[in-house]
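Step one of this worksheet: look at the structure below.
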Amino acid sequence: ILNVVHIVCFQRYYKKITNAVMRSFPQKDIQKAYASSSMSRQEALKLCDCLLNADLEAQKRVLHELAPKPRILVCAPSNAAVDEMCKRVVLNGFKQMNMQKYDPRVVRVAAGNHPLSDILLKVSSRRQAEGYLALSGWDWEKRFSNSKNAVENSKKRIQHLVLQIKHQASAIKHQAKALDSLQSGRENDSDQQRDLRQAMGQLEGSLVALAKLHENREENVNELERLKLCKSIVQRGHSDELLKRDSMEALEITFLRDAEIVFTTLSSSANRSFRELNLKFEVVLIDEAAQAGELECLQPLQYGARHCVLVG
């Protein structure tokens with residue numbers, strides 16, 4: 001169930017972005033074909049203009065505003081049930097529509113005194129934060145340099161792809177305009193329409209690739225942010241306990257913010273970190289639902305979920 005939910009959420013996410021750009025075309029038949037977008041035409045034009053013309057920081061801001069990346073919150077009344085679900089996802093991953101394996105970005109949010117297995121420690125927000133604070137000066141410098149270079153490479157790839165998309169969009173506008181004014185036979189019209197549909201399909205693929213490049217860049221930007229948060233701890237040799245505690249909390253929040261799927265218990269879903277970040281989850285999945293009280297199940301629903309799946 002979780003595999004399907006994740007695929008559907010991200011298909012809708014990428015479709016929202018491609019529809020926004022397609023609806024910016026002046027041709028009414030193209031607008032009509034992509035009119036199912038949940039955005040207004042004004043929002044679609046804003047997102048299209050931002051993706052193709054604005055600087056990268058503005059693109060990130062507008063993407064978060066108009067097409068936020070989906071998040072899924074997975075809960076259960078017991079830690080044992082949450083641990084089992086999270087373990088299966090970490091070990092087995094998910095399958096795409098073509099049956100290729102992929103690993104979603106997950107995080108396990110647990111109370112500080114709850115013991116986790118070695119497998120789950122890899123995705124525990126607390127343990128990952130502790131790992132950053134334990135870095136040596138040499139490791140910190142190496143990771144910071146690698147992440148900085150990765151951000152620059154992503155920036156260049158995004159700029160190159162944006163130019164490609166502009167050329168594709170310009171060609172489609174000319175093709176659509178030529179098709180509107182074409183006075184030849186039906187067979188030629190059909191050929192022109194087929195070429196136009198093929199070009200639009202290629203443009204959609206480029207737009208999805210652009211969204212994924214933005215995701216990749218954001219991952220590296222987030223890595224730089226985490227390294228900056230632990231820089232003073234690494235430099236001071238872990239001596240300042242107050243600074244270390246504040247850095248630990250800030251690092252844990254970054255893992256919670258950047259995860260695609262968050263695993264936690266029903267009671268922990270009311271954690272202060274969730275409210276402080278003002279996180280929104282598109283789907284909430286509750287396992288062992290029949291063992292949970294009604295009020296418990298209401299706690300994870302406070303984060304704007306459009307869908308709730310009750311299992312068990």
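Going through the structure tokens in order, the chains are called A, B, and so on, while each chain numbers its residues from 1 and the ligands are numbered from 1 in the order shown.
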Inset, instruction - Please provide as an NGL selection string all residues within 7 Å of Cys230 (chain A), with the sequence filter that same-chain residues fewer than 3 positions apart are discarded (counting only C-alpha atoms). - result: :A and (132-133 or 226-227 or 233-234 or 247)
Legend entry - Picked from region 164-271 of chain A by DSSP as strand (DSSP E or B), as number ranges by chain: A: 261-265
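When only C-alpha atoms are used to measure the gap to Lys142 (chain A), the shortest distance among A:Lys95, A:Arg108, A:Ser267, A:Leu224 belongs to A:Leu224.
Minimum atom-to-atom distance to Ala289 (chain A), evaluated using only C-alpha atoms, belongs to A:Pro77 out of A:Gly201, A:Pro77, A:Gly131, A:Pro70.
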Inset, instruction - Pull the alpha helix (DSSP H) assignments for region 46-286 of chain A out of DSSP run on the backbone, and list those residues as a PyMOL selection string. - result: chain A and resi 46-53+56-66+79-92+118-121+125-133+137-181+186-236+241-258+272-277
